[in-house]
file coords33.cif (mmCIF, C-alpha atoms)
data_coords
loop_
_atom_site.label_atom_id
_atom_site.label_comp_id
_atom_site.auth_asym_id
_atom_site.auth_seq_id
_atom_site.Cartn_x
_atom_site.Cartn_y
_atom_site.Cartn_z
CA MET K 1 -9.96 -72.53 26.75
CA GLY K 2 -7.90 -71.05 23.95
CA PHE K 3 -8.21 -67.79 22.03
CA PRO K 4 -11.39 -67.73 19.91
CA PHE K 5 -9.73 -67.43 16.50
CA ARG K 6 -13.08 -66.94 14.83
CA SER K 7 -13.11 -63.49 16.54
CA LEU K 8 -9.74 -62.48 15.10
CA PRO K 9 -11.09 -60.88 11.87
CA VAL K 10 -13.45 -58.70 13.90
CA LEU K 11 -10.67 -57.61 16.27
CA VAL K 12 -8.29 -56.84 13.39
CA ALA K 13 -10.97 -54.81 11.60
CA ALA K 14 -11.69 -52.84 14.77
CA TRP K 15 -7.96 -52.17 15.27
CA LEU K 16 -7.54 -51.00 11.68
CA LEU K 17 -10.48 -48.63 12.02
CA ALA K 18 -9.17 -47.20 15.28
CA TRP K 19 -5.52 -46.90 14.21
CA PRO K 20 -5.80 -43.79 11.99
CA MET K 21 -7.56 -41.87 14.79
CA ALA K 22 -4.86 -42.83 17.29
CA ALA K 23 -1.93 -42.31 14.92
CA ALA K 24 -3.03 -38.96 13.54
CA ALA K 25 -1.97 -36.38 16.11
CA GLY K 26 -3.24 -33.32 14.28
CA THR K 27 -6.61 -31.67 13.82
CA LEU K 28 -8.19 -30.47 10.59
CA ILE K 29 -11.06 -28.00 10.81
CA VAL K 30 -12.89 -26.82 7.69
CA GLU K 31 -14.92 -23.62 8.06
CA LYS K 32 -17.22 -21.56 5.87
CA THR K 33 -17.33 -17.79 6.39
CA THR K 34 -20.17 -15.64 5.10
CA ALA K 35 -20.32 -11.85 5.20
CA ALA K 36 -23.06 -9.55 3.96
CA ASP K 37 -20.74 -7.84 1.48
CA GLY K 38 -19.22 -10.84 -0.27
CA PRO K 39 -19.51 -14.49 -1.30
CA ALA K 40 -19.07 -17.37 1.14
CA ARG K 41 -15.47 -18.56 1.57
CA THR K 42 -14.22 -21.96 2.71
CA HIS K 43 -10.90 -22.30 4.49
CA GLN K 44 -8.99 -24.76 6.64
CA ILE K 45 -7.35 -24.67 10.06
CA GLN K 46 -4.59 -27.20 10.73
CA ILE K 47 -3.49 -27.80 14.31
CA GLU K 48 -0.65 -29.82 15.79
CA LYS K 49 0.60 -29.78 19.39
CA ASP K 50 2.74 -26.63 19.07
CA TRP K 51 1.74 -25.31 15.64
CA MET K 52 -1.32 -23.85 13.98
CA ARG K 53 -2.05 -22.75 10.42
CA ALA K 54 -5.15 -20.95 9.16
CA GLU K 55 -5.90 -20.18 5.54
CA HIS K 56 -7.33 -16.81 4.59
CA ASP K 57 -7.87 -14.49 1.65
CA THR K 58 -5.79 -11.32 1.39
CA PRO K 59 -7.63 -7.97 0.95
CA SER K 60 -6.98 -8.29 -2.78
CA GLY K 61 -8.47 -11.81 -2.90
CA GLU K 62 -5.19 -13.71 -3.09
CA LYS K 63 -4.56 -17.00 -1.28
CA GLY K 64 -2.81 -16.54 2.05
CA ALA K 65 -2.25 -18.19 5.42
CA PHE K 66 -1.22 -17.49 9.00
CA ALA K 67 1.25 -19.98 10.49
CA PHE K 68 1.94 -19.87 14.23
CA ASP K 69 4.77 -21.50 16.18
CA GLY K 70 3.60 -21.72 19.78
CA VAL K 71 7.06 -22.54 21.12
CA LYS K 72 8.97 -19.76 19.35
CA GLN K 73 5.99 -17.37 19.65
CA VAL K 74 6.23 -16.34 16.00
CA ILE K 75 3.57 -15.75 13.35
CA TRP K 76 4.27 -15.92 9.63
CA ILE K 77 1.79 -14.21 7.29
CA ILE K 78 2.16 -15.88 3.90
CA ASN K 79 1.00 -14.77 0.45
CA TYR K 80 1.19 -17.79 -1.87
CA GLU K 81 0.48 -15.92 -5.10
CA LYS K 82 3.11 -13.23 -4.57
CA LYS K 83 5.46 -15.75 -2.90
CA THR K 84 6.11 -13.38 -0.01
CA TYR K 85 5.78 -13.53 3.75
CA SER K 86 5.96 -11.30 6.82
CA GLU K 87 7.15 -12.32 10.27
CA MET K 88 5.80 -11.11 13.61
CA THR K 89 7.52 -12.09 16.85
CA LYS K 90 6.42 -11.54 20.44
CA ALA K 91 8.92 -8.67 20.67
CA ASP K 92 7.35 -7.11 17.56
CA VAL K 93 3.91 -7.34 19.18
CA GLU K 94 5.14 -5.66 22.34
CA GLY K 95 6.77 -2.87 20.31
CA MET K 96 3.70 -2.29 18.14
CA SER K 97 1.44 -2.33 21.18
CA HIS K 98 3.56 0.41 22.76
CA GLN K 99 3.47 2.47 19.56
CA MET K 100 -0.31 2.08 19.24
CA THR K 101 -0.81 3.14 22.85
CA GLU K 102 1.26 6.29 22.26
CA ALA K 103 -0.52 7.05 18.98
CA MET K 104 -3.93 6.56 20.56
CA GLY K 105 -2.95 8.89 23.40
CA ARG K 106 -2.00 11.60 20.91
CA MET K 107 -5.24 11.07 18.98
CA GLN K 108 -7.32 11.32 22.14
CA GLU K 109 -5.58 14.58 23.09
CA HIS K 110 -6.36 15.94 19.63
CA MET K 111 -10.00 14.82 19.93
CA LYS K 112 -10.43 16.94 23.06
CA SER K 113 -10.04 20.07 20.92
CA LEU K 114 -12.69 19.00 18.37
CA PRO K 115 -16.27 20.28 18.42
CA PRO K 116 -18.61 17.81 20.20
CA ASP K 117 -20.23 16.52 16.98
CA GLN K 118 -16.88 15.84 15.29
CA ARG K 119 -15.53 14.19 18.44
CA ALA K 120 -18.60 11.93 18.62
CA ARG K 121 -18.18 10.87 14.98
CA MET K 122 -14.50 10.11 15.56
CA GLU K 123 -15.29 8.01 18.63
CA GLU K 124 -17.89 5.99 16.73
CA MET K 125 -15.46 5.41 13.87
CA LEU K 126 -12.80 4.11 16.28
CA LYS K 127 -15.27 1.83 18.02
CA GLY K 128 -16.36 0.44 14.65
CA ARG K 129 -12.76 -0.57 14.03
CA GLY K 130 -12.45 -2.32 17.38
CA MET K 131 -10.47 0.49 19.02
CA PRO K 132 -11.21 2.44 22.20
CA GLY K 133 -13.08 5.70 21.91
CA SER K 134 -12.50 8.79 23.97
CA ALA K 135 -11.44 7.09 27.20
CA PRO K 136 -7.85 5.86 27.45
CA ALA K 137 -8.89 3.19 29.97
CA PRO K 138 -8.62 -0.50 29.02
CA ALA K 139 -11.39 -1.80 26.78
CA PRO K 140 -14.32 -3.47 28.60
CA ARG K 141 -13.96 -7.21 29.00
CA LEU K 142 -16.02 -9.36 26.65
CA THR K 143 -18.58 -11.28 28.68
CA TYR K 144 -20.78 -14.15 27.51
CA ARG K 145 -24.35 -15.11 28.38
CA LYS K 146 -25.63 -18.60 27.67
CA VAL K 147 -28.98 -18.24 25.90
CA GLY K 148 -29.95 -21.81 24.99
CA THR K 149 -29.06 -24.30 22.27
CA ASP K 150 -29.00 -24.36 18.49
CA VAL K 151 -28.02 -26.68 15.64
CA VAL K 152 -25.03 -26.20 13.33
CA GLY K 153 -24.65 -28.86 10.66
CA ARG K 154 -25.03 -32.22 12.40
CA TRP K 155 -24.18 -30.89 15.87
CA THR K 156 -26.43 -29.55 18.63
CA CYS K 157 -24.53 -26.74 20.34
CA ASP K 158 -24.73 -24.39 23.33
CA LYS K 159 -25.44 -20.83 22.23
CA TYR K 160 -23.76 -17.81 23.85
CA GLU K 161 -24.07 -14.07 23.23
CA GLY K 162 -21.00 -11.88 23.76
CA TYR K 163 -21.29 -8.34 25.14
CA ARG K 164 -18.99 -5.41 25.79
CA ASP K 165 -20.80 -3.36 28.38
CA SER K 166 -24.37 -3.46 27.05
CA GLN K 167 -23.47 -3.84 23.37
CA LYS K 168 -23.83 -7.24 21.73
CA VAL K 169 -20.73 -7.86 19.62
CA SER K 170 -20.69 -11.62 19.00
CA GLU K 171 -22.42 -14.98 19.18
CA LEU K 172 -20.91 -18.41 19.70
CA CYS K 173 -22.33 -21.91 19.47
CA THR K 174 -20.10 -24.53 21.09
CA VAL K 175 -19.82 -28.27 21.65
CA ASP K 176 -17.78 -30.33 24.06
CA PRO K 177 -14.49 -31.39 22.39
CA LYS K 178 -15.48 -35.03 23.03
CA VAL K 179 -18.42 -34.62 20.66
CA LEU K 180 -15.88 -34.01 17.88
CA GLY K 181 -13.59 -36.83 19.05
CA PHE K 182 -11.02 -34.57 20.76
CA VAL K 183 -9.91 -33.36 24.18
CA GLU K 184 -9.24 -29.77 25.30
CA ALA K 185 -5.46 -30.27 25.14
CA ASP K 186 -5.72 -30.75 21.36
CA PHE K 187 -6.51 -27.02 21.09
CA ASP K 188 -3.93 -25.60 23.55
CA VAL K 189 -1.95 -23.93 20.76
CA ALA K 190 -5.10 -21.98 19.76
CA ARG K 191 -5.20 -20.46 23.24
CA LYS K 192 -1.53 -19.48 22.88
CA LEU K 193 -2.36 -17.73 19.60
CA ALA K 194 -5.22 -15.80 21.23
CA GLU K 195 -2.89 -14.71 24.04
CA PHE K 196 -0.31 -13.65 21.44
CA PHE K 197 -2.82 -11.24 19.90
CA LYS K 198 -4.30 -9.86 23.10
CA GLN K 199 -1.53 -7.37 23.76
CA LEU K 200 -1.70 -5.93 20.25
CA MET K 201 -5.46 -6.12 19.58
CA PRO K 202 -7.29 -6.88 22.84
CA GLN K 203 -10.74 -6.31 21.35
CA ASN K 204 -10.04 -8.41 18.24
CA ALA K 205 -8.23 -11.26 20.01
CA ASP K 206 -11.64 -12.77 20.78
CA ASN K 207 -12.11 -13.35 17.04
CA VAL K 208 -9.26 -15.88 17.03
CA PHE K 209 -10.38 -19.51 17.06
CA SER K 210 -10.04 -20.80 20.62
CA VAL K 211 -11.65 -23.22 23.05
CA GLY K 212 -13.53 -21.94 26.08
CA LYS K 213 -12.91 -23.24 29.60
CA GLY K 214 -15.85 -21.89 31.57
CA GLU K 215 -15.03 -18.95 33.83
CA ASP K 216 -11.64 -18.44 32.17
CA GLN K 217 -13.23 -17.28 28.92
CA GLY K 218 -16.89 -17.00 29.73
CA PHE K 219 -17.97 -19.92 27.56
CA SER K 220 -17.23 -23.64 27.37
CA GLY K 221 -16.39 -25.88 24.45
CA VAL K 222 -15.25 -25.67 20.84
CA PRO K 223 -16.97 -22.92 18.81
CA ILE K 224 -18.52 -24.47 15.70
CA ARG K 225 -20.25 -21.19 14.81
CA ARG K 226 -18.84 -17.72 15.45
CA VAL K 227 -20.79 -14.57 14.61
CA PHE K 228 -19.20 -11.12 14.91
CA PHE K 229 -20.86 -7.72 14.62
CA VAL K 230 -18.89 -4.59 13.68
CA GLY K 231 -21.31 -1.72 13.21
CA GLN K 232 -23.88 -2.97 10.69
CA ARG K 233 -21.53 -5.66 9.38
CA ARG K 234 -22.25 -9.27 10.37
CA THR K 235 -19.78 -12.09 9.69
CA VAL K 236 -20.68 -15.76 10.29
CA THR K 237 -18.14 -18.60 10.41
CA GLU K 238 -19.41 -22.18 10.70
CA THR K 239 -17.53 -25.45 11.01
CA THR K 240 -18.41 -27.91 8.25
CA GLU K 241 -15.86 -30.68 8.89
CA VAL K 242 -13.60 -31.82 11.73
CA SER K 243 -11.20 -34.75 11.51
CA ARG K 244 -7.95 -36.21 12.76
CA GLN K 245 -4.99 -35.84 10.41
CA SER K 246 -1.23 -35.81 10.56
CA PHE K 247 0.52 -32.96 8.74
CA PRO K 248 4.07 -32.81 7.43
CA PRO K 249 6.27 -30.19 9.16
CA SER K 250 6.30 -28.15 5.94
CA THR K 251 2.60 -27.37 6.52
CA PHE K 252 3.58 -24.89 9.23
CA GLU K 253 6.68 -23.48 7.52
CA VAL K 254 7.25 -20.68 5.04
CA PRO K 255 7.78 -22.28 1.61
CA SER K 256 11.33 -22.24 0.33
CA GLY K 257 12.19 -19.30 -1.91
CA PHE K 258 9.51 -16.95 -0.58
CA ARG K 259 10.70 -13.36 -0.12
CA LYS K 260 10.46 -11.76 3.31
CA GLN K 261 8.68 -8.41 3.58
CA PRO K 262 8.37 -6.03 6.51
CA PHE K 263 5.21 -6.63 8.54
CA GLY K 264 2.25 -4.83 6.97
CA GLY K 265 4.02 -4.57 3.63
CA ARG K 266 5.84 -1.39 4.67
CA GLN K 267 9.24 -0.88 3.12
CA PRO K 268 12.13 -0.04 5.46
#
call {"tool": "encode", "arguments": {"input": "coords33.cif", "output": "structure tokens"}}
result
Amino acid sequence: MGFPFRSLPVLVAAWLLAWPMAAAAGTLIVEKTTAADGPARTHQIQIEKDWMRAEHDTPSGEKGAFAFDGVKQVIWIINYEKKTYSEMTKADVEGMSHQMTEAMGRMQEHMKSLPPDQRARMEEMLKGRGMPGSAPAPAPRLTYRKVGTDVVGRWTCDKYEGYRDSQKVSELCTVDPKVLGFVEADFDVARKLAEFFKQLMPQNADNVFSVGKGEDQGFSGVPIRRVFFVGQRRTVTETTEVSRQSFPPSTFEVPSGFRKQPFGGRQP
């Protein structure tokens, strides 16, 4: 019995539909961020095996992006309107972390000499900026509690609340990567980026897009909604689109002709 040629058109159509998903190695995530003190903003995250790029707005409202090389352990902070960029390596992070630790130690020594009311106000201000207060001990670990399910867009997700000690600081709603058509390995570079930031900003590293793996991070799955609380400020980021795409290498590179600036815009 020979091949049923009448089935060939169906098989070809199925192969053509499946081919873009198989051929496109990258991931495109479109997110919308809403804060109480400003309009909603839409931005993209592009992910390849060893690279990641996230669009953002600069404090002055200009178009910018973070590009991360997971192999070289380098971040480039790019301003497209000013045609400038800053570079931050792993060695830079280690150096800045050491400087921040020393500076915080000096500040805490100074705070000991303040009247109790002034010291309390200073501690609250530092906590509001994601920094430790009076105690020089490591910041409490962020722990998550699963509290049910919710719906974000077209996805039903598992809802988690994040706490530091007894203070609620975040909410996540996650889905299994398979629901989005991916596997956990597709997001490995996002975990590398979170680890990159932990030494410099341990309390803010949790804000970086990453995928949970149960006990390792306290939650499981891909966050399709992230809510963060800093004082009275509430910021909500929701995923609106996820798809497979392939990106040219230039996506994760600093554009030609852009001028390098010291990190943070400080002049040498």
call {"tool": "atom_distance", "arguments": {"input": "coords33.cif", "atom1": "atom CA of K:Ile78", "atom2": "atom CA of K:Asp50"}}
result
18.6 Å
call {"tool": "closest_residue", "arguments": {"input": "coords33.cif", "among": "K:Ile47, K:Cys173, K:Tyr163, K:Val254", "to": "K:Gly148", "atoms": "all atoms listed in the file"}}
result
K:Cys173
call {"tool": "atom_distance", "arguments": {"input": "coords33.cif", "atom1": "atom CA of K:Tyr144", "atom2": "atom CA of K:Ser220"}}
result
10.1 Å
call {"tool": "resolve_selection", "arguments": {"input": "coords33.cif", "expression": "the PyMOL selection byres ((chain K and resi 30) around 6)", "output": "list of chain:residue names"}}
result
K:Ile29, K:Glu31, K:His43, K:Gln44, K:Thr239, K:Thr240, K:Glu241
call {"tool": "closest_residue", "arguments": {"input": "coords33.cif", "among": "K:Ala65, K:Val152, K:Ala103, K:Met52", "to": "K:Thr27", "atoms": "all atoms listed in the file"}}
result
K:Met52
call {"tool": "resolve_selection", "arguments": {"input": "coords33.cif", "expression": "the PyMOL selection byres ((chain K and resi 178-185) around 8)", "output": "VMD selection string"}}
result
chain K and resid 175 to 177 186 to 188 211 242 to 243
call {"tool": "closest_residue", "arguments": {"input": "coords33.cif", "among": "K:Lys82, K:Lys90, K:Arg145, K:Arg225", "to": "K:Phe197", "atoms": "all atoms listed in the file"}}
result
K:Lys90
call {"tool": "resolve_selection", "arguments": {"input": "coords33.cif", "expression": "the PyMOL selection byres ((chain K and resi 83) around 9)", "output": "ChimeraX atom specification"}}
result
/K:78-82,84-85,255,257-260
call {"tool": "write_last_selection", "arguments": {"input": "coords33.cif", "atoms": "C-alpha atoms", "output": "tab-separated table (two decimals), in the coordinates of the input"}}
result
chain	number	residue	atom	x	y	z
K	78	ILE	CA	2.16	-15.88	3.90
K	79	ASN	CA	1.00	-14.77	0.45
K	80	TYR	CA	1.19	-17.79	-1.87
K	81	GLU	CA	0.48	-15.92	-5.10
K	82	LYS	CA	3.11	-13.23	-4.57
K	84	THR	CA	6.11	-13.38	-0.01
K	85	TYR	CA	5.78	-13.53	3.75
K	255	PRO	CA	7.78	-22.28	1.61
K	257	GLY	CA	12.19	-19.30	-1.91
K	258	PHE	CA	9.51	-16.95	-0.58
K	259	ARG	CA	10.70	-13.36	-0.12
K	260	LYS	CA	10.46	-11.76	3.31
call {"tool": "closest_residue", "arguments": {"input": "coords33.cif", "among": "K:Asp69, K:Glu161, K:Glu87, K:Glu171", "to": "K:Arg234", "atoms": "only C-alpha atoms"}}
result
K:Glu171
call {"tool": "atom_distance", "arguments": {"input": "coords33.cif", "atom1": "atom CA of K:Tyr160", "atom2": "atom CA of K:Thr33"}}
result
18.6 Å
call {"tool": "closest_residue", "arguments": {"input": "coords33.cif", "among": "K:Asp150, K:Gln261, K:Leu193, K:Pro223", "to": "K:Phe68", "atoms": "only C-alpha atoms"}}
result
K:Leu193
call {"tool": "closest_residue", "arguments": {"input": "coords33.cif", "among": "K:Gly105, K:Gly162, K:Gly221, K:Gly38", "to": "K:Val147", "atoms": "all atoms listed in the file"}}
result
K:Gly162
call {"tool": "residues_around", "arguments": {"input": "coords33.cif", "residues": "K:Thr143", "least_positions_apart": "5", "cutoff": "10 Å", "atoms": "all atoms listed in the file", "output": "ChimeraX atom specification"}}
result
/K:160-166,168-170,215,217-219
call {"tool": "build_atoms", "arguments": {"input": "coords33.cif", "residues": "stretch 141-156 of chain K", "atoms": "N, CA and C atoms", "output": "JSON list (two decimals), in the frame of the given file"}}
result
[["chain", "number", "residue", "atom", "x", "y", "z"],
["K", 141, "ARG", "N", -14.13, -5.78, 29.22],
["K", 141, "ARG", "CA", -13.96, -7.21, 29.00],
["K", 141, "ARG", "C", -15.17, -7.77, 28.27],
["K", 142, "LEU", "N", -14.93, -8.69, 27.35],
["K", 142, "LEU", "CA", -16.02, -9.36, 26.65],
["K", 142, "LEU", "C", -16.61, -10.41, 27.58],
["K", 143, "THR", "N", -17.90, -10.32, 27.82],
["K", 143, "THR", "CA", -18.58, -11.28, 28.68],
["K", 143, "THR", "C", -19.63, -12.04, 27.87],
["K", 144, "TYR", "N", -19.85, -13.29, 28.24],
["K", 144, "TYR", "CA", -20.78, -14.15, 27.51],
["K", 144, "TYR", "C", -21.97, -14.53, 28.38],
["K", 145, "ARG", "N", -23.13, -14.65, 27.73],
["K", 145, "ARG", "CA", -24.35, -15.11, 28.38],
["K", 145, "ARG", "C", -24.88, -16.32, 27.62],
["K", 146, "LYS", "N", -25.06, -17.42, 28.31],
["K", 146, "LYS", "CA", -25.63, -18.60, 27.67],
["K", 146, "LYS", "C", -27.11, -18.38, 27.46],
["K", 147, "VAL", "N", -27.59, -18.58, 26.23],
["K", 147, "VAL", "CA", -28.98, -18.24, 25.90],
["K", 147, "VAL", "C", -29.76, -19.43, 25.35],
["K", 148, "GLY", "N", -29.22, -20.65, 25.47],
["K", 148, "GLY", "CA", -29.95, -21.81, 24.99],
["K", 148, "GLY", "C", -29.11, -22.70, 24.10],
["K", 149, "THR", "N", -29.76, -23.39, 23.19],
["K", 149, "THR", "CA", -29.06, -24.30, 22.27],
["K", 149, "THR", "C", -29.49, -24.00, 20.84],
["K", 150, "ASP", "N", -28.70, -24.53, 19.91],
["K", 150, "ASP", "CA", -29.00, -24.36, 18.49],
["K", 150, "ASP", "C", -28.41, -25.56, 17.76],
["K", 151, "VAL", "N", -28.56, -25.59, 16.45],
["K", 151, "VAL", "CA", -28.02, -26.68, 15.64],
["K", 151, "VAL", "C", -27.16, -26.09, 14.53],
["K", 152, "VAL", "N", -25.93, -26.59, 14.42],
["K", 152, "VAL", "CA", -25.03, -26.20, 13.33],
["K", 152, "VAL", "C", -24.60, -27.49, 12.63],
["K", 153, "GLY", "N", -24.97, -27.62, 11.37],
["K", 153, "GLY", "CA", -24.65, -28.86, 10.66],
["K", 153, "GLY", "C", -25.30, -30.04, 11.36],
["K", 154, "ARG", "N", -24.50, -31.03, 11.73],
["K", 154, "ARG", "CA", -25.03, -32.22, 12.40],
["K", 154, "ARG", "C", -24.87, -32.17, 13.92],
["K", 155, "TRP", "N", -24.44, -31.00, 14.44],
["K", 155, "TRP", "CA", -24.18, -30.89, 15.87],
["K", 155, "TRP", "C", -25.20, -29.98, 16.56],
["K", 156, "THR", "N", -25.66, -30.41, 17.74],
["K", 156, "THR", "CA", -26.43, -29.55, 18.63],
["K", 156, "THR", "C", -25.44, -28.84, 19.54]]
